[in-house]
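Next comes upload05.txt, with compact mmCIF, C-alpha atoms.
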# COMPACT_ATOMS: atom_id res chain seq x y z
CA MET A 16 -5.01 42.34 15.44
CA ARG A 17 -2.69 43.88 17.98
CA ASN A 18 -5.42 46.29 19.04
CA PHE A 19 -6.90 43.24 20.75
CA PHE A 20 -5.32 44.43 24.00
CA TRP A 21 -7.51 47.50 24.15
CA LEU A 22 -10.61 45.57 23.07
CA LEU A 23 -9.95 43.16 25.88
CA ILE A 24 -9.64 45.73 28.66
CA SER A 25 -11.96 48.43 27.32
CA THR A 26 -14.77 47.43 29.69
CA GLN A 27 -12.53 47.53 32.81
CA VAL A 28 -11.50 49.51 34.16
CA ALA A 29 7.71 75.83 55.88
CA SER A 30 9.64 77.28 58.89
CA CYS A 31 6.27 78.15 60.35
CA VAL A 32 3.86 75.23 60.27
CA THR A 33 0.70 75.53 62.32
CA LEU A 34 -1.43 72.69 63.59
CA GLY A 35 -4.55 74.50 62.39
CA ARG A 36 -3.30 74.55 58.80
CA PHE A 37 -2.64 70.83 58.83
CA GLU A 38 -6.05 70.15 60.33
CA GLU A 39 -7.63 72.19 57.55
CA LEU A 40 -5.79 70.22 54.88
CA GLU A 41 -6.59 66.95 56.61
CA GLY A 42 -10.27 67.84 56.65
CA ARG A 43 -10.25 68.55 52.93
CA VAL A 44 -8.52 65.25 52.17
CA LEU A 45 -10.99 63.33 54.33
CA ALA A 46 -13.85 65.06 52.53
CA ALA A 47 -12.43 63.82 49.25
CA GLU A 48 -12.22 60.31 50.71
CA ARG A 49 -15.88 60.39 51.68
CA ALA A 50 -16.77 61.56 48.18
CA ALA A 51 -14.90 58.60 46.69
CA GLU A 52 -16.68 56.13 48.93
CA ALA A 53 -20.03 57.62 47.98
CA GLY A 54 -19.14 57.59 44.29
CA ASP A 55 -20.26 61.22 43.93
CA GLU A 56 -19.17 62.32 40.46
CA ARG A 57 -19.91 65.95 41.33
CA ASP A 58 -16.84 65.94 43.56
CA ASN A 59 -14.38 65.01 40.80
CA LYS A 60 -12.64 68.35 41.23
CA ARG A 61 -11.66 67.36 44.75
CA PHE A 62 -9.61 64.54 43.33
CA ASP A 63 -8.14 66.84 40.72
CA ASN A 64 -6.86 68.94 43.62
CA LEU A 65 -5.85 66.03 45.83
CA ALA A 66 -2.26 65.75 44.62
CA ARG A 67 -1.85 69.51 44.98
CA LEU A 68 -3.07 69.40 48.58
CA ILE A 69 -0.64 66.66 49.53
CA LYS A 70 2.23 68.39 47.75
CA GLU A 71 1.36 71.61 49.55
CA ALA A 72 1.45 69.92 52.93
CA SER A 73 4.60 68.00 52.05
CA ASP A 74 6.39 71.10 50.82
CA LYS A 75 5.55 72.94 54.04
CA VAL A 76 6.91 70.13 56.17
CA ASP A 77 10.01 69.82 54.02
CA LYS A 78 10.70 73.54 54.42
CA ALA A 79 9.96 73.39 58.12
CA SER A 80 12.24 70.41 58.60
CA ALA A 81 15.09 72.04 56.68
CA SER A 82 14.73 75.32 58.55
CA LEU A 83 14.45 73.79 61.99
CA ASN A 84 17.29 71.37 61.43
CA ALA A 85 19.44 74.25 60.17
CA GLU A 86 18.71 76.21 63.34
CA LEU A 87 19.58 73.21 65.47
CA ASP A 88 22.79 72.57 63.61
CA ALA A 89 23.77 76.23 63.78
CA SER A 90 23.17 76.55 67.49
CA GLY A 91 24.33 73.11 68.46
CA ASP A 92 21.61 73.24 71.11
CA ALA A 93 18.98 70.47 70.93
CA ASP A 94 16.19 72.86 71.76
CA ARG A 95 13.13 70.93 72.88
CA LYS A 96 10.70 73.47 71.51
CA LEU A 97 12.18 73.38 68.02
CA ARG A 98 12.32 69.62 67.99
CA GLY A 99 8.75 69.47 69.22
CA GLN A 100 7.62 71.66 66.33
CA LEU A 101 9.46 69.48 63.85
CA GLU A 102 8.05 66.25 65.24
CA GLU A 103 4.51 67.67 65.27
CA ALA A 104 4.83 68.76 61.64
CA GLN A 105 6.10 65.33 60.61
CA PHE A 106 3.30 63.63 62.55
CA GLN A 107 0.66 65.71 60.81
CA LEU A 108 2.13 64.97 57.40
CA ALA A 109 2.09 61.24 58.16
CA LYS A 110 -1.62 61.48 58.97
CA LEU A 111 -2.28 63.27 55.70
CA GLN A 112 -0.28 60.70 53.77
CA ARG A 113 -2.31 57.84 55.27
CA ASP A 114 -5.54 59.57 54.25
CA PHE A 115 -4.10 60.16 50.81
CA ASP A 116 -3.17 56.50 50.40
CA VAL A 117 -6.76 55.48 51.13
CA VAL A 118 -8.16 57.48 48.21
CA ARG A 119 -5.22 57.04 45.84
CA GLY A 120 -6.31 53.63 44.64
CA ALA A 121 -9.87 54.77 43.99
CA ALA A 122 -8.72 57.83 42.07
CA GLN A 123 -6.36 55.75 39.94
CA THR A 124 -9.05 53.24 39.08
CA ARG A 125 -11.92 55.64 38.43
CA TRP A 126 -10.13 58.58 36.79
CA GLY A 127 -6.78 57.20 35.74
CA LEU A 128 -4.92 59.70 37.93
CA ASP A 129 -1.37 58.76 38.89
CA PHE A 130 -0.53 59.88 42.41
CA ALA A 131 2.85 58.93 43.81
CA PRO A 132 4.33 59.46 47.27
CA GLN A 133 6.58 62.44 47.74
CA VAL A 134 10.21 61.35 47.57
CA GLN A 135 13.04 63.77 48.27
CA ASN A 136 16.14 64.05 46.10
CA LEU A 137 14.77 62.35 43.01
CA PRO A 138 17.02 62.65 39.96
CA GLU A 139 16.24 65.55 37.63
CA ASP A 140 17.12 64.01 34.28
CA ALA A 141 15.13 61.44 32.33
CA GLU A 142 17.80 58.74 32.40
CA GLY A 143 18.30 59.15 36.14
CA LEU A 144 14.58 58.90 36.85
CA LEU A 145 14.25 55.71 34.81
CA ALA A 146 17.27 54.18 36.52
CA TYR A 147 15.88 55.17 39.92
CA GLY A 148 12.47 53.64 39.17
CA ASN A 149 13.96 50.42 37.86
CA LYS A 150 16.23 50.08 40.89
CA GLN A 151 13.23 50.45 43.18
CA ILE A 152 11.37 47.78 41.19
CA GLU A 153 14.30 45.40 41.62
CA SER A 154 14.10 46.00 45.37
CA SER A 155 10.29 45.59 45.41
CA GLN A 156 9.95 49.17 46.64
CA TRP A 157 6.73 49.73 44.75
CA ALA A 158 5.70 53.13 46.14
CA THR A 159 9.06 54.81 45.60
CA ALA A 160 9.28 53.24 42.13
CA GLN A 161 5.99 54.93 41.31
CA ALA A 162 7.45 58.26 42.40
CA GLY A 163 10.30 57.93 39.91
CA PHE A 164 8.18 56.82 36.98
CA VAL A 165 5.38 59.34 37.60
CA ARG A 166 7.96 62.16 37.79
CA PHE A 167 9.45 60.95 34.49
CA LEU A 168 6.06 60.92 32.76
CA GLU A 169 5.19 64.35 34.16
CA ARG A 170 8.43 65.93 32.94
CA TYR A 171 9.16 63.95 29.80
CA PRO A 172 5.79 62.79 28.37
CA THR A 173 7.02 62.81 24.75
CA ASP A 174 10.35 61.13 25.44
CA GLU A 175 10.84 57.97 23.39
CA ARG A 176 11.41 56.11 26.65
CA ALA A 177 7.98 57.03 28.02
CA PRO A 178 6.58 53.54 27.18
CA PHE A 179 9.28 52.01 29.40
CA ALA A 180 8.27 54.38 32.21
CA ASN A 181 4.65 53.30 31.76
CA TYR A 182 5.76 49.68 31.87
CA GLY A 183 7.72 50.31 35.07
CA LEU A 184 4.78 52.15 36.60
CA ALA A 185 2.52 49.22 35.70
CA ARG A 186 4.97 46.82 37.38
CA ALA A 187 4.81 48.96 40.53
CA TYR A 188 1.01 48.89 40.54
CA PHE A 189 1.12 45.12 39.95
CA GLY A 190 3.48 44.77 42.91
CA GLU A 191 1.03 46.72 45.07
CA LYS A 192 -1.76 44.43 43.80
CA GLN A 193 -3.63 47.33 42.21
CA MET A 194 -4.50 45.03 39.36
CA LYS A 195 -7.04 47.08 37.40
CA THR A 196 -4.73 50.08 37.34
CA ALA A 197 -1.82 47.83 36.39
CA VAL A 198 -3.76 46.45 33.40
CA LYS A 199 -4.46 49.98 32.18
CA LYS A 200 -0.81 50.99 32.43
CA PHE A 201 0.44 47.81 30.77
CA GLY A 202 -1.96 48.66 27.96
CA GLU A 203 -0.49 52.16 27.62
CA ALA A 204 3.01 50.72 27.46
CA TYR A 205 2.10 48.01 24.97
CA GLY A 206 0.27 50.54 22.77
CA ALA A 207 3.63 52.06 21.79
CA TRP A 208 4.92 48.69 20.56
CA GLN A 209 1.81 47.04 19.14
CA ASN A 210 2.72 47.83 15.52
CA VAL A 211 6.39 46.89 15.88
CA PRO A 212 7.27 43.50 14.37
CA ALA A 213 7.76 40.85 17.03
CA SER A 214 11.39 40.40 16.00
CA LYS A 215 12.13 44.07 16.69
CA ALA A 216 9.91 44.69 19.70
CA PRO A 217 11.64 45.15 23.07
CA PRO A 218 11.19 42.39 25.67
CA GLU A 219 8.90 44.75 27.61
CA ALA A 220 6.23 44.32 24.91
CA ALA A 221 5.76 40.63 25.68
CA GLU A 222 6.27 41.31 29.37
CA SER A 223 3.39 43.81 29.27
CA LEU A 224 1.05 41.16 27.88
CA TRP A 225 2.29 38.58 30.40
CA TYR A 226 1.74 40.74 33.44
CA ALA A 227 -1.53 42.11 32.05
CA GLY A 228 -2.76 38.54 31.69
CA LEU A 229 -1.79 37.70 35.25
CA ALA A 230 -3.44 40.88 36.52
CA LEU A 231 -6.65 40.29 34.55
CA GLU A 232 -6.85 36.72 35.78
CA THR A 233 -7.19 37.95 39.36
CA PHE A 234 -10.56 39.57 38.67
CA ASP A 235 -11.67 38.22 35.26
CA CYS A 236 -10.30 34.76 34.61
CA LYS A 237 -11.58 34.49 31.04
CA LYS A 238 -10.04 37.78 29.97
CA GLY A 239 -6.79 36.83 31.66
CA ARG A 240 -6.83 33.56 29.71
CA ASP A 241 -7.51 35.39 26.44
CA MET A 242 -4.65 37.80 27.11
CA LEU A 243 -2.21 34.94 27.65
CA LYS A 244 -3.41 33.32 24.43
CA PHE A 245 -2.84 36.64 22.67
CA LEU A 246 0.68 36.73 24.08
CA ARG A 247 1.46 33.28 22.67
CA GLN A 248 0.03 34.23 19.29
CA THR A 249 1.79 37.62 19.08
CA TYR A 250 5.20 36.72 20.51
CA PRO A 251 5.53 32.96 20.01
CA LYS A 252 9.31 33.04 20.43
CA SER A 253 9.25 34.99 23.66
CA PRO A 254 10.28 33.12 26.82
CA ARG A 255 6.96 34.29 28.25
CA ALA A 256 5.10 32.36 25.54
CA ALA A 257 6.23 29.06 27.04
CA GLU A 258 5.31 30.26 30.52
CA ALA A 259 1.93 31.35 29.22
CA LYS A 260 1.28 27.84 27.85
CA THR A 261 2.08 26.33 31.24
CA LYS A 262 -0.15 28.86 32.94
CA LEU A 263 -3.00 28.22 30.48
CA ASP A 264 -2.75 24.46 30.92
CA GLY A 265 -3.50 24.88 34.62
CA LEU A 266 -5.99 27.72 34.33
CA LYS A 267 -9.57 26.68 34.97
CA CYS A 268 -12.07 29.48 34.42
CA LYS A 269 -15.66 29.02 35.42
Can the structure in the file be given as C-alpha cells, please?
Amino acid sequence: MRNFFWLLISTQVASCVTLGRFEELEGRVLAAERAAEAGDERDNKRFDNLARLIKEASDKVDKASASLNAELDASGDADRKLRGQLEEAQFQLAKLQRDFDVVRGAAQTRWGLDFAPQVQNLPEDAEGLLAYGNKQIESSQWATAQAGFVRFLERYPTDERAPFANYGLARAYFGEKQMKTAVKKFGEAYGAWQNVPASKAPPEAAESLWYAGLALETFDCKKGRDMLKFLRQTYPKSPRAAEAKTKLDGLKCK
C-alpha cells in the first residue's frame, strides 16, 4: 500500500588563470545548454561532465583568489594588475555559473542529476553537513542548502541519516519551485520510511507526502489530490493530515 507513492509519480518525472581557458570552458557549457534545449539524447555525456567542468573552473578561481590575495596581503601593496586579474577571474566564473544554472534544472529533471553550487568551507563531517543544510533551509537559502545536502549524499550515501538529507534536498528544490525534481526527492526520502509503522515513523515521513502533494498539485492537480488523500490515510494522526483535509476541501481539479 505504501508503494503508492512511487506508483503515483512513476510517470513524471589557480594562481594563473587565463581568459582563454575560461572562454573554452564557457563554450563547452553553452554547448551542453544547447543540447538540453534540443533534447538530444546523444549528448548525455556532456551533462555527465557538466559538474566536473564547473568544479574545474571554480577550483581554478578559488586557487587564483587565494594566491593573489596572499600576495596582496604579503606585500601590503594594492597592486592594480593583481586585483585586475582576480576580478577578471571572478567575473568569468560568474558567467559560467549563470550558464550552469540554466541547464541545472533540465539535467535534474531529465537525468536525476543533483548539481549544487560551489560553497566554500562546508563542514567535513556528516552531522555538520546536515546541520548546515537545515540551517540554510530555515533561512530560505535554497541553493546553499542544496550544496550541504548534496555533499552529504556524495560522501555518506549509506549513512542512516541519508533519507533526512534527501528530505532536506527535496525541501530546497521545493523552495526553488523545481517541483518535479522535488517530488522525486521526496519520494526517495519517503521510500526509507514507507515500511515503518506510522507510530514510529519520523515526522519527515508525513512531511514528505505533504510537500510532494503540494508539488504535484502545481502541475498535476489530480495526482496532488491523490497524494494528499494518501497522506491522510497513511498518517491520520499527523498534524499534516488535518491540513491535508483543509487543502482537499478547497481543491478543485478539472
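Atom pair atom CA of A:Lys199 / atom CA of A:Leu168: separated by 15.2 Å.
Atom CA of A:Glu169 sits 29.7 Å away from atom CA of A:Phe234.
You will find atom CA of A:Lys252 at 22.5 Å from atom CA of A:Leu231.
Nearest to A:Arg186 of all the residues A:Arg247, A:Trp157, A:Gly202, A:Pro172 is A:Trp157, based on all atoms listed in the file.
The shortest atom-to-atom distance to A:Tyr182, with only C-alpha atoms taken into account, belongs to A:Leu224 out of A:Ala158, A:Leu224, A:Leu263, A:Met194.
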